[in-house]
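Working notes, beginning with the structure itself.
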Amino acid sequence: MDREEFEQIGQKRREADAAVEYHINVCTSSGCVASGSAAVKESLEAEVKARDLKHKCRVNGVGCLGLCGSGPILSIQPEDALYQKVKPQDSAEIVDHLGQGPVERIELKQDNAFFQQQQRVVLANAGKLDPEDIESAMAHGAYRALYKVTTEEMYPTDVVREITQSGLRGRGGAGYPTGLKWATVAKMDEGLKYIVCNGDEGDPGAFMDRSIMESDPHRILEGMAIAAYAVGASEGYIYIRAEYGLGIQRLKKAIRQAEKMGCLGKNIFDSPFSFSVQLRLGAGAFVCGEETALIASIEGQRGNPRPRPPYPAMSGLWGHSTLINNVETFANIAPIILNGSEWFSSMGTEKSAGTKVFALSGKVNRVGLIEVPMGISLREIIEEIGGGIPDGHAFKAVQTGGPSGGCIPEEHLDTPVDYESLRALGSIMGSGGMVVMDDTSSMVSVARYFMEFCMDESCGKCIPCRVGTAQMYELLTRFVNKEATEADLTLLEELCEMVSQTSLCGLGQSAPNPVMSTLRYFREEYLERITPAHEPA
Amino acid sequence: MPVKTFKIDGQDVSGREDETVLDIARENNVFLPTLCNIEGLKPVGACRLCMVEVKGSNKLLPACVTKVEEGMEVTTNSERLQKYRRMILEMLFVEGNHVCSVCVANGHCELQWLAEKLGVDHTRLNYMFPKKEIDVSHYRYAIDHNRCVLCTRCVRVCGEIEGAHTWDVSGRGINAKVVTDLNTPWALSETCTECGKCIQVCPTGALFKKSRAVGEMTKDDHFLPYLKTMREVDNAE
């Protein structure tokens, strides 16, 4: 396929889109589907059909528009107006107002920080393109970066160098330099190598990867294919949790369409490079997000982690060198290749380049999916983008990093969001869950909630995690019930240290984090719940 | 094969590149407690008893799966390590129902021996007194889950050496347990060859031969390294 043919596909679609005067883009991601966007879309389509407006106006299904708390959301193009909490009966009014200014009753104003302070790279096309149509994706630039690397003399080493220089770090949470990981796999002996995309997002309150998979699936496939080209792999797997039905459906469709279009499969764009992708579904185990457990699960074995080293780069799927990256990491690849590493590293901070997608939830006015440059302060995210705490309550803590993270109190809200700063506070960046808590939350209960989660999700292989989480859960229950003693607090702290130091995988090593961080910042809440020992008579 | 020289507790030692810190520690009579590890089966690094400190690493490393490296300085018995090891054993005692005085393996039990050796004579952890099953359906063998420490030696010997893969782990976390076939009673297992290897490698009285009274179940796992070598010779040919 030559350049002209490739560009034609997107160009044709853009022209076809431009020929229609108005586009009504209805969000069809999980959040809005749950609040009824499918019915809204149907009713709008019926309205357009009834008025015979199909040459003037088209109703499209698009990916996530961000403010999930106000769904169903739709956008009107080219006016760029947003409507919130749309009901099917609003259809007539919406169609009436096309070209005459927005329906004020349901308009979602974009003059606030939620829309102004975001910087969209990963989510650049979310809410704009139809995730079930590859031509729509290509009209928005999909596979351009892959075309560039495979057909225009970008050697694999050039690709690795570009990613290394961009400063991109793993978005799954630990922040391992992506370029270094790619270089390691690229340098392994030739032979069968695998690319794995980790879509087993499991933190409570996290839905970044789901949104990306549902909104722009081709971006992930493209990132994986570029990675495969860079490290010399020919097969890839996307491991996605079975609960993400819509994501699975869209990825399946995307793979099929990409293969048909020649963007995946044998001799991509008629180059010598071949790469195919398969889906593997997780069966509901949080620990399968840990890379060695994930590999075992793809192999068809029980999803238990194993000790590292050897790291997957050396010995991964069926013993072959394997590159594992998270969904969001892969979604960052194409823009880096197209815009260059300097463009990417100019965003964010020196050590944490680029942007990060967060799922902002909990006690905050604007709940939804946001993408912000690294280095932004927690305060800006919560007070400005999130619009502060509802119902006149006061902010108490923000939980980042899910069950592996910690709770950050008011006094540290001005901390910049980057890997090192969050770690210094006893939390972690994590995959991007951000749960805001107000003064009605008990931090001991929060700690117990996460410990219960870890206890349920422990695989049971190593003793410290298997027994330690259950013991800590029991101790925390005593605190919740105000039946704890001084000795319980001592034991709890010893267990926290021991479990984090001796557990086999990241789940156990980080399971005490929510307890340790709440003990660090909210110790008085634990002390209040200690019953003084009875004096002997 | 390249040989590396390094230090264990200040003592200069050497090991082949493919040997582990545990191999070399044992070779030099340095004691490291182990439970899931057994010579002849693949190490899994699960019990965390053999963890050691390595200078320059902020993580503790399980000696059974840590390959030797040139110049590494290993500490095997710091106060911190002793404390963690005792806690691990305490955890095993409270998660199951271990009553030595009525156990077939009394006096021949690795858990009991380790507790004595490491000085575990009480626990501050909370006994969980779980309700666990006993499967005595098999005519020769029995499993008492109250005494199981989930070391998975039975799972590995059955899969790696006997090739039957009768045993596996089902459930997760504190509810994990070893099962025969797809959690059917042992007597109904279609894959079990009744070889009895699982009985011999079990470190406690969880797996035992029937008609053994208290303290009568002695274990003999000396056949393992021999069988493993024979298999390797077989595979090589």
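Starting from 1 in every chain, residues are counted up; chains themselves are A, B, ... following the order of the structure tokens, and ligands are numbered from 1 as listed.
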For region 417-528 of chain A against region 146-167 of chain B, with a cut-off of 9 Å and counting only C-alpha atoms, what is the closest atom pair and its distance in Å to one decimal for every residue that makes the cut, ordered by chain and number, as a tab-separated table?
```
residue	atom	partner	partner_atom	distance
A:Gly460	CA	B:Leu150	CA	8.3
A:Lys461	CA	B:Leu150	CA	7.5
A:Cys462	CA	B:Cys151	CA	8.7
A:Ile463	CA	B:Leu150	CA	8.6
```
* DSSP alpha helix (DSSP H) residues within region 392-439 of chain A, listed as a ChimeraX atom specification -> /A:419-424
Hey, could you make a per-residue contact list for chain A against chain B with 8 Å as the cut-off, showing the nearest pair of atoms and its distance in Å to one decimal, counting only C-alpha atoms, sorted by chain and number, as a Markdown table?
```
| residue | atom | partner | partner_atom | distance |
| --- | --- | --- | --- | --- |
| A:Arg306 | CA | B:Val44 | CA | 6.9 |
| A:Pro307 | CA | B:Gly45 | CA | 6.4 |
| A:Pro309 | CA | B:Thr66 | CA | 7.9 |
| A:Met455 | CA | B:Gly173 | CA | 6.4 |
| A:Asp456 | CA | B:Gly173 | CA | 6.3 |
| A:Glu457 | CA | B:Gly173 | CA | 6.6 |
| A:Ser458 | CA | B:Gly173 | CA | 4.5 |
| A:Cys459 | CA | B:Arg172 | CA | 4.7 |
| A:Gly460 | CA | B:Gly173 | CA | 3.8 |
| A:Lys461 | CA | B:Ala46 | CA | 5.9 |
| A:Cys462 | CA | B:Ala46 | CA | 4.4 |
| A:Ile463 | CA | B:Cys47 | CA | 5.7 |
| A:Pro464 | CA | B:Ile88 | CA | 6.4 |
| A:Cys465 | CA | B:Gly173 | CA | 7.9 |
| A:Arg466 | CA | B:Gly173 | CA | 5.0 |
| A:Val467 | CA | B:Met91 | CA | 6.0 |
| A:Gly468 | CA | B:Met91 | CA | 7.3 |
| A:Ala470 | CA | B:Ile174 | CA | 7.1 |
| A:Gln471 | CA | B:Asn126 | CA | 7.0 |
| A:Leu491 | CA | B:Arg124 | CA | 7.7 |
| A:Met498 | CA | B:Tyr84 | CA | 6.2 |
| A:Gln501 | CA | B:Leu60 | CA | 6.9 |
| A:Thr502 | CA | B:Arg48 | CA | 6.5 |
| A:Ser503 | CA | B:Arg48 | CA | 7.4 |
| A:Leu504 | CA | B:Ala46 | CA | 6.9 |
```
Could you save the residues just selected, with N, CA and C atoms, as a short mmCIF file (atom, residue, chain, number, x, y, z; two decimals), in the first residue's frame?
```cif
data_model
loop_
_atom_site.label_atom_id
_atom_site.label_comp_id
_atom_site.auth_asym_id
_atom_site.auth_seq_id
_atom_site.Cartn_x
_atom_site.Cartn_y
_atom_site.Cartn_z
N ARG A 306 4.85 -15.77 39.98
CA ARG A 306 6.05 -16.52 40.31
C ARG A 306 7.15 -15.50 40.62
N PRO A 307 8.21 -15.96 41.30
CA PRO A 307 9.25 -14.99 41.65
C PRO A 307 9.93 -14.42 40.40
N PRO A 309 13.60 -12.21 39.42
CA PRO A 309 13.82 -12.71 38.08
C PRO A 309 13.56 -14.21 37.97
N MET A 455 -7.36 -9.45 50.81
CA MET A 455 -7.53 -10.79 51.39
C MET A 455 -8.31 -11.68 50.40
N ASP A 456 -9.36 -11.12 49.83
CA ASP A 456 -10.16 -11.89 48.87
C ASP A 456 -9.40 -12.19 47.60
N GLU A 457 -8.51 -11.28 47.22
CA GLU A 457 -7.83 -11.42 45.93
C GLU A 457 -6.46 -12.08 46.04
N SER A 458 -5.98 -12.33 47.27
CA SER A 458 -4.71 -13.02 47.42
C SER A 458 -4.83 -14.40 46.79
N CYS A 459 -3.79 -14.82 46.06
CA CYS A 459 -3.90 -16.12 45.40
C CYS A 459 -3.69 -17.26 46.38
N GLY A 460 -2.99 -16.98 47.47
CA GLY A 460 -2.77 -18.02 48.47
C GLY A 460 -1.46 -18.75 48.33
N LYS A 461 -0.64 -18.34 47.37
CA LYS A 461 0.60 -19.07 47.13
C LYS A 461 1.62 -18.83 48.24
N CYS A 462 1.90 -17.58 48.56
CA CYS A 462 2.90 -17.33 49.61
C CYS A 462 2.22 -17.05 50.94
N ILE A 463 2.89 -17.47 52.00
CA ILE A 463 2.28 -17.46 53.33
C ILE A 463 2.01 -16.04 53.85
N PRO A 464 2.97 -15.10 53.71
CA PRO A 464 2.72 -13.77 54.30
C PRO A 464 1.47 -13.11 53.76
N CYS A 465 1.23 -13.22 52.46
CA CYS A 465 0.05 -12.57 51.89
C CYS A 465 -1.21 -13.35 52.23
N ARG A 466 -1.13 -14.67 52.12
CA ARG A 466 -2.32 -15.50 52.36
C ARG A 466 -2.83 -15.33 53.78
N VAL A 467 -1.94 -15.47 54.76
CA VAL A 467 -2.36 -15.42 56.15
C VAL A 467 -2.31 -13.99 56.69
N GLY A 468 -1.29 -13.24 56.25
CA GLY A 468 -1.12 -11.88 56.77
C GLY A 468 -2.30 -10.98 56.48
N ALA A 470 -5.39 -11.86 55.98
CA ALA A 470 -6.54 -12.30 56.78
C ALA A 470 -6.37 -11.85 58.24
N GLN A 471 -5.13 -11.93 58.75
CA GLN A 471 -4.88 -11.50 60.13
C GLN A 471 -5.07 -9.99 60.28
N LEU A 491 0.74 -5.19 66.96
CA LEU A 491 0.76 -6.36 66.07
C LEU A 491 0.43 -5.95 64.63
N MET A 498 6.05 -6.79 58.01
CA MET A 498 6.47 -8.14 57.62
C MET A 498 5.86 -8.55 56.28
N GLN A 501 7.45 -6.72 53.39
CA GLN A 501 8.84 -7.10 53.14
C GLN A 501 8.99 -8.51 52.57
N THR A 502 8.07 -9.41 52.91
CA THR A 502 8.33 -10.81 52.59
C THR A 502 7.40 -11.42 51.54
N SER A 503 6.36 -10.70 51.11
CA SER A 503 5.43 -11.31 50.15
C SER A 503 6.09 -11.52 48.80
N LEU A 504 5.51 -12.46 48.06
CA LEU A 504 6.11 -12.85 46.79
C LEU A 504 5.90 -11.81 45.69
#
```
* **Who sits within 6 Å of region 328-330 of chain A, only C-alpha atoms, same chain under 2 positions skipped, as a list in words** => Gly170, Arg171, Ile220, Gly223, Asn326, Asn332 and Ile333 of chain A
What would the file look like if the residues just selected were written as a tab-separated table (two decimals), in the first residue's frame with N, CA and C atoms?
```tsv
chain	number	residue	atom	x	y	z
A	170	GLY	N	5.87	3.28	32.45
A	170	GLY	CA	4.73	2.37	32.48
A	170	GLY	C	3.53	2.97	33.19
A	171	ARG	N	2.38	2.96	32.53
A	171	ARG	CA	1.19	3.58	33.11
A	171	ARG	C	0.39	2.61	33.96
A	220	ILE	N	-4.71	1.27	20.66
A	220	ILE	CA	-4.00	0.23	21.41
A	220	ILE	C	-3.36	-0.77	20.46
A	223	GLY	N	-0.35	0.77	18.90
A	223	GLY	CA	0.78	0.82	19.84
A	223	GLY	C	1.44	-0.55	19.97
A	326	ASN	N	0.97	-1.86	29.78
A	326	ASN	CA	-0.42	-1.57	30.12
A	326	ASN	C	-1.13	-0.89	28.94
A	332	ASN	N	-0.12	5.57	24.32
A	332	ASN	CA	0.76	6.74	24.19
A	332	ASN	C	1.75	6.63	23.04
A	333	ILE	N	1.89	5.43	22.48
A	333	ILE	CA	2.97	5.19	21.51
A	333	ILE	C	2.79	5.95	20.20
```
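CA of Met443 (chain A) to CA of Ala397 (chain A) spans 8.7 Å [interatomic distance, one decimal].
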Region 68-121 of chain B residues near region 211-232 of chain B within 12 Å, closest pair each, using only C-alpha atoms, as JSON lines:
```
{"residue": "B:Val99", "atom": "CA", "partner": "B:Val214", "partner_atom": "CA", "distance": 10.9}
{"residue": "B:Cys100", "atom": "CA", "partner": "B:Gly215", "partner_atom": "CA", "distance": 8.8}
{"residue": "B:Ser101", "atom": "CA", "partner": "B:Val214", "partner_atom": "CA", "distance": 7.5}
{"residue": "B:Val102", "atom": "CA", "partner": "B:Val214", "partner_atom": "CA", "distance": 5.7}
{"residue": "B:Cys103", "atom": "CA", "partner": "B:Val214", "partner_atom": "CA", "distance": 5.3}
{"residue": "B:Val104", "atom": "CA", "partner": "B:Val214", "partner_atom": "CA", "distance": 4.1}
{"residue": "B:Ala105", "atom": "CA", "partner": "B:Gly215", "partner_atom": "CA", "distance": 4.9}
{"residue": "B:Asn106", "atom": "CA", "partner": "B:Gly215", "partner_atom": "CA", "distance": 4.4}
{"residue": "B:Gly107", "atom": "CA", "partner": "B:Gly215", "partner_atom": "CA", "distance": 6.1}
{"residue": "B:His108", "atom": "CA", "partner": "B:Thr218", "partner_atom": "CA", "distance": 5.8}
{"residue": "B:Cys109", "atom": "CA", "partner": "B:Thr218", "partner_atom": "CA", "distance": 8.4}
{"residue": "B:Glu110", "atom": "CA", "partner": "B:Lys219", "partner_atom": "CA", "distance": 10.1}
```
Just write the chosen residues, C-alpha atoms, as a compact mmCIF listing (two decimals), in the first residue's frame.
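Saved as selection-v1.txt:
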```
# COMPACT_ATOMS: atom_id res chain seq x y z
CA VAL B 99 -2.46 -30.46 67.12
CA CYS B 100 0.85 -32.30 67.36
CA SER B 101 -0.19 -34.59 70.18
CA VAL B 102 -2.76 -36.38 68.04
CA CYS B 103 -0.95 -36.12 64.69
CA VAL B 104 0.34 -39.09 62.72
CA ALA B 105 3.46 -37.12 61.86
CA ASN B 106 4.28 -36.12 65.44
CA GLY B 107 8.05 -36.25 65.73
CA HIS B 108 8.54 -36.54 61.96
CA CYS B 109 7.02 -33.24 60.96
CA GLU B 110 9.01 -30.50 59.26
```
* Polymer residues at most 10 Å from Gly167 (chain A), only C-alpha atoms, same-chain spacing of 6 or more positions, as JSON, numbers by chain -> {"A": [177, 178, 179, 180, 341, 342, 344, 345, 346, 349, 350, 351, 352, 353, 354]}
* Could you tell me how far CA of Asp234 (chain B) lies from CA of Gln200 (chain B), in Å and to one decimal? => 23.2 Å
